[in-house]
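Next comes coords-v8.pdb, with PDB, C-alpha atoms and all ligand atoms.
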ATOM      1  CA  MET A   1      89.468 131.588 156.591  1.00  0.00           C
ATOM      2  CA  ALA A   2      90.348 131.903 152.924  1.00  0.00           C
ATOM      3  CA  GLU A   3      88.222 129.976 150.479  1.00  0.00           C
ATOM      4  CA  ILE A   4      89.427 126.450 149.801  1.00  0.00           C
ATOM      5  CA  ARG A   5      89.601 125.355 146.204  1.00  0.00           C
ATOM      6  CA  ASN A   6      92.696 123.185 145.739  1.00  0.00           C
ATOM      7  CA  ILE A   7      93.214 120.219 148.032  1.00  0.00           C
ATOM      8  CA  VAL A   8      96.070 117.744 148.348  1.00  0.00           C
ATOM      9  CA  ILE A   9      95.481 114.687 150.527  1.00  0.00           C
ATOM     10  CA  LEU A  10      98.268 112.332 151.599  1.00  0.00           C
ATOM     11  CA  THR A  11      97.182 108.888 152.783  1.00  0.00           C
ATOM     12  CA  GLY A  12      99.272 106.235 154.493  1.00  0.00           C
ATOM     13  CA  ALA A  13      99.153 102.817 156.110  1.00  0.00           C
ATOM     14  CA  GLY A  14      96.701 103.926 158.813  1.00  0.00           C
ATOM     15  CA  ILE A  15      93.819 104.194 156.356  1.00  0.00           C
ATOM     16  CA  SER A  16      94.368 100.659 154.990  1.00  0.00           C
ATOM     17  CA  ALA A  17      95.022  99.165 158.429  1.00  0.00           C
ATOM     18  CA  GLU A  18      91.299  99.505 159.190  1.00  0.00           C
ATOM     19  CA  SER A  19      90.611  97.285 156.163  1.00  0.00           C
ATOM     20  CA  GLY A  20      92.876  94.596 157.646  1.00  0.00           C
ATOM     21  CA  ILE A  21      96.016  95.378 155.642  1.00  0.00           C
ATOM     22  CA  ASP A  22      98.944  95.298 158.043  1.00  0.00           C
ATOM     23  CA  THR A  23     101.103  98.360 158.343  1.00  0.00           C
ATOM     24  CA  PHE A  24     104.419  98.563 156.601  1.00  0.00           C
ATOM     25  CA  ARG A  25     106.408  99.587 159.644  1.00  0.00           C
ATOM     26  CA  ALA A  26     105.286  96.981 162.099  1.00  0.00           C
ATOM     27  CA  GLU A  27     106.590  96.758 165.645  1.00  0.00           C
ATOM     28  CA  GLY A  28     110.262  95.845 165.852  1.00  0.00           C
ATOM     29  CA  GLY A  29     110.952  96.590 162.165  1.00  0.00           C
ATOM     30  CA  LEU A  30     109.490  93.269 161.061  1.00  0.00           C
ATOM     31  CA  TRP A  31     106.879  92.880 158.348  1.00  0.00           C
ATOM     32  CA  GLU A  32     105.132  89.522 158.599  1.00  0.00           C
ATOM     33  CA  GLN A  33     108.244  88.006 160.210  1.00  0.00           C
ATOM     34  CA  HIS A  34     110.573  89.435 157.569  1.00  0.00           C
ATOM     35  CA  LYS A  35     113.086  92.237 158.000  1.00  0.00           C
ATOM     36  CA  VAL A  36     112.136  95.219 155.888  1.00  0.00           C
ATOM     37  CA  GLU A  37     115.613  95.255 154.319  1.00  0.00           C
ATOM     38  CA  ASP A  38     115.140  91.646 153.134  1.00  0.00           C
ATOM     39  CA  VAL A  39     111.809  92.180 151.350  1.00  0.00           C
ATOM     40  CA  ALA A  40     111.585  95.894 150.558  1.00  0.00           C
ATOM     41  CA  THR A  41     114.957  96.931 149.139  1.00  0.00           C
ATOM     42  CA  PRO A  42     116.665  96.378 145.761  1.00  0.00           C
ATOM     43  CA  GLU A  43     119.543  94.699 147.644  1.00  0.00           C
ATOM     44  CA  GLY A  44     117.155  92.224 149.282  1.00  0.00           C
ATOM     45  CA  PHE A  45     115.666  91.420 145.876  1.00  0.00           C
ATOM     46  CA  ALA A  46     119.119  90.866 144.345  1.00  0.00           C
ATOM     47  CA  ARG A  47     120.091  88.594 147.265  1.00  0.00           C
ATOM     48  CA  ASP A  48     116.982  86.407 147.305  1.00  0.00           C
ATOM     49  CA  PRO A  49     114.521  87.103 144.465  1.00  0.00           C
ATOM     50  CA  ASP A  50     112.456  83.967 145.213  1.00  0.00           C
ATOM     51  CA  LEU A  51     111.764  85.112 148.773  1.00  0.00           C
ATOM     52  CA  VAL A  52     110.820  88.637 147.672  1.00  0.00           C
ATOM     53  CA  LEU A  53     108.579  87.503 144.790  1.00  0.00           C
ATOM     54  CA  ARG A  54     106.801  84.959 147.023  1.00  0.00           C
ATOM     55  CA  PHE A  55     106.347  87.589 149.724  1.00  0.00           C
ATOM     56  CA  TYR A  56     104.689  90.025 147.285  1.00  0.00           C
ATOM     57  CA  ASP A  57     102.651  87.223 145.695  1.00  0.00           C
ATOM     58  CA  MET A  58     101.126  86.563 149.123  1.00  0.00           C
ATOM     59  CA  ARG A  59     100.412  90.225 149.705  1.00  0.00           C
ATOM     60  CA  ARG A  60      98.965  90.702 146.217  1.00  0.00           C
ATOM     61  CA  GLU A  61      96.632  87.763 146.864  1.00  0.00           C
ATOM     62  CA  ALA A  62      95.699  89.040 150.331  1.00  0.00           C
ATOM     63  CA  ILE A  63      94.804  92.599 149.336  1.00  0.00           C
ATOM     64  CA  GLN A  64      92.374  91.301 146.743  1.00  0.00           C
ATOM     65  CA  THR A  65      90.336  89.837 149.628  1.00  0.00           C
ATOM     66  CA  LYS A  66      90.170  93.186 151.517  1.00  0.00           C
ATOM     67  CA  ARG A  67      87.554  95.878 151.109  1.00  0.00           C
ATOM     68  CA  PRO A  68      87.553  99.685 151.283  1.00  0.00           C
ATOM     69  CA  ASN A  69      86.408 101.113 154.650  1.00  0.00           C
ATOM     70  CA  PRO A  70      84.340 104.265 155.385  1.00  0.00           C
ATOM     71  CA  ALA A  71      87.477 106.443 155.150  1.00  0.00           C
ATOM     72  CA  HIS A  72      88.131 105.295 151.566  1.00  0.00           C
ATOM     73  CA  ASP A  73      84.419 105.715 150.778  1.00  0.00           C
ATOM     74  CA  ALA A  74      84.398 109.272 152.137  1.00  0.00           C
ATOM     75  CA  LEU A  75      87.433 110.292 150.059  1.00  0.00           C
ATOM     76  CA  ALA A  76      85.794 108.819 146.953  1.00  0.00           C
ATOM     77  CA  ARG A  77      82.699 110.892 147.734  1.00  0.00           C
ATOM     78  CA  LEU A  78      84.840 113.993 148.085  1.00  0.00           C
ATOM     79  CA  ASP A  79      86.539 113.205 144.761  1.00  0.00           C
ATOM     80  CA  GLU A  80      83.171 112.834 143.065  1.00  0.00           C
ATOM     81  CA  HIS A  81      81.703 116.105 144.366  1.00  0.00           C
ATOM     82  CA  TRP A  82      84.672 118.449 144.796  1.00  0.00           C
ATOM     83  CA  GLU A  83      84.744 120.908 141.930  1.00  0.00           C
ATOM     84  CA  GLY A  84      88.164 122.382 142.665  1.00  0.00           C
ATOM     85  CA  ASN A  85      91.451 120.596 142.155  1.00  0.00           C
ATOM     86  CA  LEU A  86      91.981 117.516 144.245  1.00  0.00           C
ATOM     87  CA  LEU A  87      94.839 115.044 144.375  1.00  0.00           C
ATOM     88  CA  ILE A  88      94.900 112.003 146.637  1.00  0.00           C
ATOM     89  CA  VAL A  89      98.555 111.072 146.990  1.00  0.00           C
ATOM     90  CA  THR A  90      98.781 107.646 148.563  1.00  0.00           C
ATOM     91  CA  GLN A  91     101.782 105.866 150.000  1.00  0.00           C
ATOM     92  CA  ASN A  92      99.737 102.675 149.972  1.00  0.00           C
ATOM     93  CA  VAL A  93     100.268 100.056 147.288  1.00  0.00           C
ATOM     94  CA  ASP A  94      96.775  98.574 147.559  1.00  0.00           C
ATOM     95  CA  ASP A  95      93.907  99.674 145.303  1.00  0.00           C
ATOM     96  CA  LEU A  96      91.324 100.443 147.999  1.00  0.00           C
ATOM     97  CA  HIS A  97      90.985 104.126 147.013  1.00  0.00           C
ATOM     98  CA  GLU A  98      90.165 103.089 143.452  1.00  0.00           C
ATOM     99  CA  ARG A  99      87.832 100.297 144.527  1.00  0.00           C
ATOM    100  CA  ALA A 100      85.943 102.826 146.672  1.00  0.00           C
ATOM    101  CA  GLY A 101      85.495 104.846 143.470  1.00  0.00           C
ATOM    102  CA  ALA A 102      88.161 107.578 143.755  1.00  0.00           C
ATOM    103  CA  LYS A 103      89.651 108.691 140.428  1.00  0.00           C
ATOM    104  CA  ARG A 104      92.166 111.421 141.280  1.00  0.00           C
ATOM    105  CA  VAL A 105      94.656 109.079 142.959  1.00  0.00           C
ATOM    106  CA  LEU A 106      98.444 109.055 142.617  1.00  0.00           C
ATOM    107  CA  HIS A 107     100.396 106.023 143.893  1.00  0.00           C
ATOM    108  CA  MET A 108     103.739 107.500 144.884  1.00  0.00           C
ATOM    109  CA  HIS A 109     105.003 104.091 146.043  1.00  0.00           C
ATOM    110  CA  GLY A 110     103.582 102.101 143.119  1.00  0.00           C
ATOM    111  CA  THR A 111     100.953  99.394 143.284  1.00  0.00           C
ATOM    112  CA  HIS A 112     100.794  95.693 144.146  1.00  0.00           C
ATOM    113  CA  LEU A 113      98.497  95.131 141.186  1.00  0.00           C
ATOM    114  CA  ASN A 114     101.120  96.008 138.570  1.00  0.00           C
ATOM    115  CA  ALA A 115     104.097  94.048 137.317  1.00  0.00           C
ATOM    116  CA  TRP A 116     107.135  95.962 136.087  1.00  0.00           C
ATOM    117  CA  CYS A 117     109.397  94.439 133.450  1.00  0.00           C
ATOM    118  CA  THR A 118     113.028  95.221 134.230  1.00  0.00           C
ATOM    119  CA  ALA A 119     113.964  94.276 130.632  1.00  0.00           C
ATOM    120  CA  CYS A 120     111.657  96.579 128.621  1.00  0.00           C
ATOM    121  CA  ASP A 121     110.283  98.850 131.392  1.00  0.00           C
ATOM    122  CA  ALA A 122     106.636  98.005 130.577  1.00  0.00           C
ATOM    123  CA  LYS A 123     104.159  98.104 133.461  1.00  0.00           C
ATOM    124  CA  ASN A 124     101.166  95.814 133.222  1.00  0.00           C
ATOM    125  CA  PRO A 125      98.163  95.186 135.484  1.00  0.00           C
ATOM    126  CA  TRP A 126      98.859  91.990 137.411  1.00  0.00           C
ATOM    127  CA  THR A 127      96.671  89.995 139.778  1.00  0.00           C
ATOM    128  CA  GLY A 128      98.458  86.607 139.612  1.00  0.00           C
ATOM    129  CA  THR A 129     101.824  85.408 140.848  1.00  0.00           C
ATOM    130  CA  LEU A 130     105.366  86.433 139.878  1.00  0.00           C
ATOM    131  CA  ALA A 131     107.466  83.853 141.760  1.00  0.00           C
ATOM    132  CA  ASP A 132     106.937  81.354 138.915  1.00  0.00           C
ATOM    133  CA  ARG A 133     108.665  83.878 136.562  1.00  0.00           C
ATOM    134  CA  PRO A 134     105.919  84.423 133.975  1.00  0.00           C
ATOM    135  CA  PRO A 135     106.920  86.184 130.726  1.00  0.00           C
ATOM    136  CA  CYS A 136     106.382  89.931 130.278  1.00  0.00           C
ATOM    137  CA  PRO A 137     103.209  90.500 128.193  1.00  0.00           C
ATOM    138  CA  ALA A 138     105.072  93.178 126.206  1.00  0.00           C
ATOM    139  CA  CYS A 139     108.485  91.626 125.410  1.00  0.00           C
ATOM    140  CA  GLY A 140     108.294  88.006 126.576  1.00  0.00           C
ATOM    141  CA  THR A 141     111.320  88.242 128.892  1.00  0.00           C
ATOM    142  CA  ASN A 142     111.005  86.546 132.290  1.00  0.00           C
ATOM    143  CA  ALA A 143     112.061  89.651 134.205  1.00  0.00           C
ATOM    144  CA  LEU A 144     108.980  90.898 136.039  1.00  0.00           C
ATOM    145  CA  ARG A 145     109.108  92.414 139.519  1.00  0.00           C
ATOM    146  CA  PRO A 146     106.446  94.056 141.692  1.00  0.00           C
ATOM    147  CA  ASP A 147     105.814  97.669 140.638  1.00  0.00           C
ATOM    148  CA  VAL A 148     106.377  98.955 144.155  1.00  0.00           C
ATOM    149  CA  VAL A 149     108.926 101.518 145.285  1.00  0.00           C
ATOM    150  CA  TRP A 150     111.372  99.954 147.714  1.00  0.00           C
ATOM    151  CA  PHE A 151     113.533 101.705 150.282  1.00  0.00           C
ATOM    152  CA  GLY A 152     116.378 103.359 148.439  1.00  0.00           C
ATOM    153  CA  GLU A 153     114.315 103.847 145.254  1.00  0.00           C
ATOM    154  CA  MET A 154     112.804 107.124 144.007  1.00  0.00           C
ATOM    155  CA  PRO A 155     109.059 107.602 144.612  1.00  0.00           C
ATOM    156  CA  TYR A 156     106.938 108.117 141.504  1.00  0.00           C
ATOM    157  CA  GLU A 157     105.632 111.368 140.047  1.00  0.00           C
ATOM    158  CA  MET A 158     107.277 113.730 142.511  1.00  0.00           C
ATOM    159  CA  GLU A 159     107.026 116.644 140.068  1.00  0.00           C
ATOM    160  CA  ARG A 160     103.279 116.229 139.784  1.00  0.00           C
ATOM    161  CA  ILE A 161     102.997 116.069 143.577  1.00  0.00           C
ATOM    162  CA  TYR A 162     105.068 119.211 144.154  1.00  0.00           C
ATOM    163  CA  SER A 163     103.149 121.011 141.444  1.00  0.00           C
ATOM    164  CA  ALA A 164      99.870 120.202 143.260  1.00  0.00           C
ATOM    165  CA  LEU A 165     101.377 121.244 146.616  1.00  0.00           C
ATOM    166  CA  ARG A 166     102.379 124.609 145.174  1.00  0.00           C
ATOM    167  CA  THR A 167      98.770 125.567 144.437  1.00  0.00           C
ATOM    168  CA  ALA A 168      97.139 123.807 147.409  1.00  0.00           C
ATOM    169  CA  ASP A 169      94.883 125.805 149.750  1.00  0.00           C
ATOM    170  CA  LEU A 170      94.534 122.813 152.027  1.00  0.00           C
ATOM    171  CA  PHE A 171      96.854 119.898 152.728  1.00  0.00           C
ATOM    172  CA  VAL A 172      95.478 116.950 154.693  1.00  0.00           C
ATOM    173  CA  SER A 173      97.529 114.016 155.967  1.00  0.00           C
ATOM    174  CA  ILE A 174      95.591 110.853 156.856  1.00  0.00           C
ATOM    175  CA  GLY A 175      96.931 107.803 158.674  1.00  0.00           C
ATOM    176  CA  THR A 176     100.606 108.369 158.105  1.00  0.00           C
ATOM    177  CA  SER A 177     103.416 108.410 160.626  1.00  0.00           C
ATOM    178  CA  GLY A 178     105.302 111.438 159.356  1.00  0.00           C
ATOM    179  CA  ALA A 179     108.476 109.350 159.492  1.00  0.00           C
ATOM    180  CA  VAL A 180     109.185 108.402 155.859  1.00  0.00           C
ATOM    181  CA  TYR A 181     110.614 111.039 153.526  1.00  0.00           C
ATOM    182  CA  PRO A 182     109.917 112.638 151.113  1.00  0.00           C
ATOM    183  CA  ALA A 183     106.218 112.354 152.088  1.00  0.00           C
ATOM    184  CA  ALA A 184     106.985 113.505 155.624  1.00  0.00           C
ATOM    185  CA  GLY A 185     108.190 116.820 154.196  1.00  0.00           C
ATOM    186  CA  PHE A 186     105.003 117.593 152.218  1.00  0.00           C
ATOM    187  CA  VAL A 187     103.365 119.369 155.164  1.00  0.00           C
ATOM    188  CA  ARG A 188     106.263 121.815 155.434  1.00  0.00           C
ATOM    189  CA  ASP A 189     106.278 122.468 151.688  1.00  0.00           C
ATOM    190  CA  ALA A 190     102.513 123.024 151.592  1.00  0.00           C
ATOM    191  CA  ARG A 191     102.573 125.244 154.651  1.00  0.00           C
ATOM    192  CA  SER A 192     105.471 127.384 153.486  1.00  0.00           C
ATOM    193  CA  LEU A 193     103.513 127.985 150.263  1.00  0.00           C
ATOM    194  CA  GLY A 194     100.450 129.155 152.146  1.00  0.00           C
ATOM    195  CA  ALA A 195      98.219 126.090 152.514  1.00  0.00           C
ATOM    196  CA  ARG A 196      96.246 125.299 155.640  1.00  0.00           C
ATOM    197  CA  THR A 197      97.373 121.954 157.036  1.00  0.00           C
ATOM    198  CA  LEU A 198      95.358 119.290 158.842  1.00  0.00           C
ATOM    199  CA  GLU A 199      96.373 115.917 160.231  1.00  0.00           C
ATOM    200  CA  LEU A 200      93.936 113.040 160.835  1.00  0.00           C
ATOM    201  CA  ASN A 201      95.736 110.201 162.557  1.00  0.00           C
ATOM    202  CA  LEU A 202      95.235 107.543 165.218  1.00  0.00           C
ATOM    203  CA  GLU A 203      97.766 109.268 167.446  1.00  0.00           C
ATOM    204  CA  ARG A 204      99.922 112.363 167.324  1.00  0.00           C
ATOM    205  CA  SER A 205     102.649 111.642 164.754  1.00  0.00           C
ATOM    206  CA  GLN A 206     106.302 112.667 164.579  1.00  0.00           C
ATOM    207  CA  GLY A 207     105.247 115.476 162.271  1.00  0.00           C
ATOM    208  CA  SER A 208     102.189 116.672 164.234  1.00  0.00           C
ATOM    209  CA  GLY A 209     103.871 119.896 165.275  1.00  0.00           C
ATOM    210  CA  TRP A 210     104.016 121.030 161.657  1.00  0.00           C
ATOM    211  CA  PHE A 211     100.241 120.989 161.192  1.00  0.00           C
ATOM    212  CA  ASP A 212      97.856 123.870 161.878  1.00  0.00           C
ATOM    213  CA  GLU A 213      95.504 121.294 163.324  1.00  0.00           C
ATOM    214  CA  SER A 214      95.846 117.646 164.369  1.00  0.00           C
ATOM    215  CA  ARG A 215      92.856 115.414 165.150  1.00  0.00           C
ATOM    216  CA  GLN A 216      93.327 111.971 166.705  1.00  0.00           C
ATOM    217  CA  GLY A 217      91.079 108.983 166.107  1.00  0.00           C
ATOM    218  CA  ARG A 218      90.158 106.232 163.686  1.00  0.00           C
ATOM    219  CA  ALA A 219      90.327 107.219 160.021  1.00  0.00           C
ATOM    220  CA  SER A 220      86.984 105.467 159.445  1.00  0.00           C
ATOM    221  CA  GLU A 221      85.391 108.012 161.814  1.00  0.00           C
ATOM    222  CA  LEU A 222      87.462 111.181 161.332  1.00  0.00           C
ATOM    223  CA  VAL A 223      87.566 111.167 157.533  1.00  0.00           C
ATOM    224  CA  PRO A 224      83.793 110.891 156.889  1.00  0.00           C
ATOM    225  CA  GLU A 225      83.196 113.684 159.457  1.00  0.00           C
ATOM    226  CA  TRP A 226      85.751 115.936 157.819  1.00  0.00           C
ATOM    227  CA  VAL A 227      84.431 115.253 154.287  1.00  0.00           C
ATOM    228  CA  ASP A 228      80.847 115.980 155.409  1.00  0.00           C
ATOM    229  CA  THR A 229      81.905 119.354 156.806  1.00  0.00           C
ATOM    230  CA  LEU A 230      83.818 120.230 153.668  1.00  0.00           C
ATOM    231  CA  LEU A 231      80.989 119.311 151.276  1.00  0.00           C
ATOM    232  CA  ASP A 232      78.347 121.012 153.409  1.00  0.00           C
ATOM    233  CA  LYS A 233      79.743 124.468 152.800  1.00  0.00           C
TER     234      LYS A 233
HETATM  235 ZN    ZN B   1     109.133  93.377 129.034  1.00  0.00          ZN
END

Would you encode the structure as structure tokens?
Amino acid sequence: MAEIRNIVILTGAGISAESGIDTFRAEGGLWEQHKVEDVATPEGFARDPDLVLRFYDMRREAIQTKRPNPAHDALARLDEHWEGNLLIVTQNVDDLHERAGAKRVLHMHGTHLNAWCTACDAKNPWTGTLADRPPCPACGTNALRPDVVWFGEMPYEMERIYSALRTADLFVSIGTSGAVYPAAGFVRDARSLGARTLELNLERSQGSGWFDESRQGRASELVPEWVDTLLDK
């Protein structure tokens, strides 16, 4: 096997689920009793901003009570000790990778703990509520929304992600269904450019066939094992 130097890791809902954060695509297309199109699309926000802001206020409050699990801890350890390039691309909008200590993290779907001003485009750290329409710290306009990428919106920093995929020797997908594009296509891009590809997921995913290797189990068990092997070399 060729030497591994550059690693891209994609993480999804499965890694946060073990910290008690419910998965985005719950059974039946409902997310805490709401339809995804009502709370996670620009159209839903335009139709009922109070509902959407209250929904995200609850989630922002809830994630601050959750803690990183051994899978987050293991990736933070890898980040600390890996001397080659490493990029943890997460689809999750919580901050559990950062709270575990990881630094090289890219939030392609934004983060719950930011507020985005639709008047001046400023993004500010935010731990409080938005439903009460607080003013933007930068411009004072009452036009803040959650800094999360909704369905129908463009994920963040795609150029940086593709640039990392182009030089990756290893691409690892952790706890993600392989159903939501463009992330679901990363394995094909990485593989066509010569990277080895590994999937760590609770069950075989829709995209499993694209990976060189697919391991099934809990992220909190599989990820620490995999990181130990990688750092042992
Ligand atoms: Zn503003």

task = Within 9 Å of ligand ZN 1 (chain B), which residues show up when you count all atoms listed in the file? List them as a PyMOL selection string, please.
result = chain A and resi 116-123+135-144

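Put simply, CA of Leu230 (chain A) is 8.4 Å away from CA of Leu78 (chain A).
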
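Here the PyMOL selection byres (((chain A and resi 221) around 12) and not hetatm) catches exactly these residues: Ile15, Glu18, Asn69, Pro70, Ala71, His72, Asp73, Ala74, Ile174, Gly175, Leu200, Asn201, Leu202, Arg215, Gln216, Gly217, Arg218, Ala219, Ser220, Leu222, Val223, Pro224, Glu225, Trp226, Val227 and Asp228 of chain A.
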
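Relative to CA of Ala190 (chain A), CA of Leu165 (chain A) is found at 5.4 Å.
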
inquiry  = Neighbouring residues of Glu61 (chain A) were defined as those with any atom within 10 Å, considering only C-alpha atoms; residues of the same chain fewer than 6 positions away were excluded. Please report them as JSON, numbers by chain.
reply    = {"A": [112, 113, 127, 128, 129]}

Taking C-alpha atoms for each residue, export the selection above as a PDB file, in the frame of the given file.
ATOM      1  CA  HIS A 112     100.794  95.693 144.146  1.00  0.00           C
ATOM      2  CA  LEU A 113      98.497  95.131 141.186  1.00  0.00           C
ATOM      3  CA  THR A 127      96.671  89.995 139.778  1.00  0.00           C
ATOM      4  CA  GLY A 128      98.458  86.607 139.612  1.00  0.00           C
ATOM      5  CA  THR A 129     101.824  85.408 140.848  1.00  0.00           C
TER       6      THR A 129
END

task = Rounded to one decimal place, report the CA of Asp48 (chain A)-CA of Thr111 (chain A) distance in Å.
result = 21.0 Å

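For the set A:Ser16, A:Ser173, A:Ala184, A:Leu231, the residue with the smallest atom-to-atom gap to Glu213 (chain A) is A:Ser173, counting all atoms listed in the file.
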
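With all atoms listed in the file as the atoms that count, the minimum distance from Gly110 (chain A) to the choices A:Thr41, A:Gln33, A:Ser192, A:Asn92 is reached by A:Asn92.
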
key: Expected selection from the PyMOL selection byres (((chain A and resi 97) around 9) and not hetatm), given as a ChimeraX atom specification   = /A:68,72-73,75-76,88,90,94-96,98-103,105
